[in-house]
Structure formats: structure tokens, C-alpha cells
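Here's the structure, in C-alpha cells; my notes come after.
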Amino acid sequence: MSGSPTCRPAPNWCRKLWVANEREWTAFKQKFRREMNQPDRSRELDVLAALSRHTNLSLGCYCADESRCHRSILRELLVQRGAAIG
């Protein structure tokens with residue numbers, strides 16, 4: 001998944017989030033969720049959620065704080081699709 005261009009934001013977004021205030025973080029979350037709800041990306045999340053019920057998967061990136069990272073949003077979206085999170 002780390003190599004999946006459809007499940008990650010543009011690299012410059014991540015750098016901006018390291019210094020983002022709460023308003024900017026909220027705006028990022030909304031924008032990223034909208035992007036992840038596009039049909040092709042939504043299907044990819046559905047597939048990942050289904051796979052997670054049969055094999056181990058991991059999400060990774062270089063952000064030090066998951067609470068301010070797209071990984072936290074992906075986790076929520078995958079859980080909503082019934083992913084097995086362990």
C-alpha cells in the first residue's frame with residue numbers, strides 16, 4: 001500500500017501538515033476524504049478492507065505523528081468498510 005499513489009496525498013501536503021493549525025488540519029481531512037470517496041479510490045479501499053480480513057496489511061509513511069497524518073484518515077475509512085484492524 002505504501003506504493004499506492006491513490007491512497008496517499010501529494011508529498012507537499014504532508015510537509016504542510018507538520019505545521020498545520022487545527023483549521024488547516026480539518027480542511028485537509030475534508031479534502032482527503034472527498035478524494036478517497038472518488039469511485040476508483042473508493043474501490044481500492046473496498047479491496048484493501050476485504051483483503052485485510054484474510055491477510056495482514058500495513059500502512060506506512062514518513063509522518064512522525066499518525067494523529068496528523070493521512071494514515072489516521074485511511075484507518076477510519078477502512079474500518080468503515082469492515083477492515084480487520086489489529
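Residues are referred to by chain and number: the chain letter is A, B, ... according to the order shown in the C-alpha cells, the number counts from 1 in that chain, and ligands are numbered separately from 1 in the order shown.
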
Do you know which residues are at most 9 Å from stretch 52-61 of chain A counting only C-alpha atoms, after dropping those on the same chain fewer than 4 positions away, and could you put them as a short mmCIF file (atom, residue, chain, number, x, y, z; two decimals) with N, CA, C and O atoms, in the first residue's frame?
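Output file around-v6.cif is given in full below:
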```cif
data_model
loop_
_atom_site.label_atom_id
_atom_site.label_comp_id
_atom_site.auth_asym_id
_atom_site.auth_seq_id
_atom_site.Cartn_x
_atom_site.Cartn_y
_atom_site.Cartn_z
N MET A 1 0.82 -1.19 0.00
CA MET A 1 0.00 0.00 0.00
C MET A 1 0.87 1.25 0.00
O MET A 1 0.47 2.26 -0.52
N SER A 2 2.03 1.20 0.60
CA SER A 2 2.86 2.40 0.65
C SER A 2 3.20 2.91 -0.73
O SER A 2 3.42 4.08 -0.92
N ARG A 8 -2.48 8.01 -1.07
CA ARG A 8 -1.65 8.97 -0.35
C ARG A 8 -1.86 10.37 -0.92
O ARG A 8 -2.14 10.53 -2.11
N VAL A 47 -11.29 -3.02 -1.67
CA VAL A 47 -10.43 -4.18 -1.88
C VAL A 47 -9.49 -4.37 -0.70
O VAL A 47 -9.31 -5.47 -0.18
N LEU A 48 -8.88 -3.28 -0.23
CA LEU A 48 -7.96 -3.38 0.91
C LEU A 48 -8.69 -3.86 2.16
O LEU A 48 -8.16 -4.68 2.92
N CYS A 69 -1.74 12.67 10.29
CA CYS A 69 -1.25 12.01 9.08
C CYS A 69 -2.43 11.40 8.33
O CYS A 69 -3.43 11.01 8.95
N HIS A 70 -2.30 11.28 7.03
CA HIS A 70 -3.36 10.67 6.23
C HIS A 70 -3.62 9.23 6.66
O HIS A 70 -4.70 8.70 6.45
N ARG A 71 -2.64 8.58 7.31
CA ARG A 71 -2.86 7.21 7.79
C ARG A 71 -4.04 7.12 8.74
O ARG A 71 -4.80 6.15 8.72
N LEU A 74 -7.12 7.15 6.58
CA LEU A 74 -7.26 5.87 5.90
C LEU A 74 -7.75 4.79 6.85
O LEU A 74 -8.59 3.97 6.50
N ARG A 75 -7.23 4.79 8.07
CA ARG A 75 -7.66 3.81 9.07
C ARG A 75 -9.16 3.92 9.29
O ARG A 75 -9.88 2.92 9.28
N GLY A 82 -15.32 -2.20 7.08
CA GLY A 82 -15.25 -3.51 7.71
C GLY A 82 -13.87 -4.14 7.73
O GLY A 82 -13.75 -5.36 7.91
N ALA A 83 -12.83 -3.35 7.60
CA ALA A 83 -11.47 -3.88 7.62
C ALA A 83 -11.14 -4.46 9.00
O ALA A 83 -11.63 -3.97 10.02
N ALA A 84 -10.33 -5.49 8.99
CA ALA A 84 -9.83 -6.07 10.24
C ALA A 84 -8.58 -5.29 10.64
O ALA A 84 -7.57 -5.35 9.96
N ILE A 85 -8.70 -4.53 11.71
CA ILE A 85 -7.59 -3.71 12.20
C ILE A 85 -7.07 -4.33 13.49
O ILE A 85 -7.83 -4.55 14.42
N GLY A 86 -5.79 -4.61 13.51
CA GLY A 86 -5.27 -5.27 14.70
C GLY A 86 -4.10 -4.57 15.31
O GLY A 86 -3.65 -3.56 15.01
#
```

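Separating atom CA of A:Arg81 from atom CA of A:Gln38 is a distance of 14.8 Å.
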
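You will find atom CA of A:Ala50 at 28.8 Å from atom CA of A:Trp25.
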
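Closest approach to A:Asp46 among A:Val79, A:Ile73, A:Gln30, A:Asn21: A:Val79, based on only C-alpha atoms.
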
Please measure the separation of atom CA of A:Arg68 and atom CA of A:Leu51, giving the value in Å to one decimal. 25.6 Å

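In terms of minimum interatomic distance to A:Lys29, A:Ser72 ranks closest within A:Ser72, A:Ala49, A:Tyr62, A:Arg43, counting only C-alpha atoms.
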
Pick out the residues sitting within 9 Å of A:Met36, and hand them over as a VMD selection string; count only C-alpha atoms, and ignore anything fewer than 2 positions along from it in its own chain. chain A and resid 6 to 7 31 to 34 38 to 42 45 74 77

Export of prior selection with N, CA, C and O atoms as a PDB file, in the first residue's frame:
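The resulting file, part-v3.pdb, is shown below:
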```pdb
ATOM      1  N   THR A   6      -2.781   6.127  -5.155  1.00  0.00           N
ATOM      2  CA  THR A   6      -4.155   6.570  -4.941  1.00  0.00           C
ATOM      3  C   THR A   6      -4.521   6.655  -3.473  1.00  0.00           C
ATOM      4  O   THR A   6      -5.572   7.180  -3.142  1.00  0.00           O
ATOM      5  N   CYS A   7      -3.696   6.158  -2.590  1.00  0.00           N
ATOM      6  CA  CYS A   7      -4.020   6.185  -1.156  1.00  0.00           C
ATOM      7  C   CYS A   7      -3.151   7.147  -0.371  1.00  0.00           C
ATOM      8  O   CYS A   7      -3.080   7.079   0.847  1.00  0.00           O
ATOM      9  N   LYS A  31     -10.811  17.456   2.533  1.00  0.00           N
ATOM     10  CA  LYS A  31     -10.373  17.337   1.142  1.00  0.00           C
ATOM     11  C   LYS A  31      -9.900  15.918   0.842  1.00  0.00           C
ATOM     12  O   LYS A  31     -10.265  15.332  -0.183  1.00  0.00           O
ATOM     13  N   PHE A  32      -9.122  15.330   1.749  1.00  0.00           N
ATOM     14  CA  PHE A  32      -8.605  13.984   1.526  1.00  0.00           C
ATOM     15  C   PHE A  32      -9.742  12.964   1.519  1.00  0.00           C
ATOM     16  O   PHE A  32      -9.772  12.055   0.685  1.00  0.00           O
ATOM     17  N   ARG A  33     -10.714  13.103   2.414  1.00  0.00           N
ATOM     18  CA  ARG A  33     -11.873  12.207   2.427  1.00  0.00           C
ATOM     19  C   ARG A  33     -12.656  12.304   1.115  1.00  0.00           C
ATOM     20  O   ARG A  33     -13.091  11.285   0.578  1.00  0.00           O
ATOM     21  N   ARG A  34     -12.826  13.532   0.608  1.00  0.00           N
ATOM     22  CA  ARG A  34     -13.526  13.699  -0.680  1.00  0.00           C
ATOM     23  C   ARG A  34     -12.776  12.957  -1.785  1.00  0.00           C
ATOM     24  O   ARG A  34     -13.376  12.280  -2.614  1.00  0.00           O
ATOM     25  N   GLN A  38     -13.811   9.219  -4.276  1.00  0.00           N
ATOM     26  CA  GLN A  38     -13.924   9.098  -5.727  1.00  0.00           C
ATOM     27  C   GLN A  38     -14.014   7.610  -6.068  1.00  0.00           C
ATOM     28  O   GLN A  38     -13.421   6.770  -5.377  1.00  0.00           O
ATOM     29  N   PRO A  39     -14.757   7.242  -7.103  1.00  0.00           N
ATOM     30  CA  PRO A  39     -15.010   5.825  -7.391  1.00  0.00           C
ATOM     31  C   PRO A  39     -13.766   4.929  -7.429  1.00  0.00           C
ATOM     32  O   PRO A  39     -13.759   3.859  -6.824  1.00  0.00           O
ATOM     33  N   ASP A  40     -12.711   5.346  -8.121  1.00  0.00           N
ATOM     34  CA  ASP A  40     -11.535   4.477  -8.230  1.00  0.00           C
ATOM     35  C   ASP A  40     -10.854   4.292  -6.883  1.00  0.00           C
ATOM     36  O   ASP A  40     -10.454   3.191  -6.522  1.00  0.00           O
ATOM     37  N   ARG A  41     -10.757   5.348  -6.121  1.00  0.00           N
ATOM     38  CA  ARG A  41     -10.114   5.247  -4.810  1.00  0.00           C
ATOM     39  C   ARG A  41     -10.995   4.502  -3.820  1.00  0.00           C
ATOM     40  O   ARG A  41     -10.503   3.735  -3.000  1.00  0.00           O
ATOM     41  N   SER A  42     -12.282   4.707  -3.902  1.00  0.00           N
ATOM     42  CA  SER A  42     -13.210   4.004  -3.032  1.00  0.00           C
ATOM     43  C   SER A  42     -13.145   2.498  -3.274  1.00  0.00           C
ATOM     44  O   SER A  42     -13.143   1.700  -2.327  1.00  0.00           O
ATOM     45  N   LEU A  45     -10.074   1.099  -1.633  1.00  0.00           N
ATOM     46  CA  LEU A  45     -10.275   0.928  -0.190  1.00  0.00           C
ATOM     47  C   LEU A  45     -11.140  -0.295   0.100  1.00  0.00           C
ATOM     48  O   LEU A  45     -10.886  -1.027   1.063  1.00  0.00           O
ATOM     49  N   LEU A  74      -7.118   7.149   6.584  1.00  0.00           N
ATOM     50  CA  LEU A  74      -7.260   5.869   5.898  1.00  0.00           C
ATOM     51  C   LEU A  74      -7.747   4.788   6.853  1.00  0.00           C
ATOM     52  O   LEU A  74      -8.595   3.969   6.501  1.00  0.00           O
ATOM     53  N   LEU A  77     -11.451   5.214   7.300  1.00  0.00           N
ATOM     54  CA  LEU A  77     -12.174   4.814   6.094  1.00  0.00           C
ATOM     55  C   LEU A  77     -12.188   3.295   5.930  1.00  0.00           C
ATOM     56  O   LEU A  77     -13.197   2.722   5.515  1.00  0.00           O
TER      57      LEU A  77
END
```
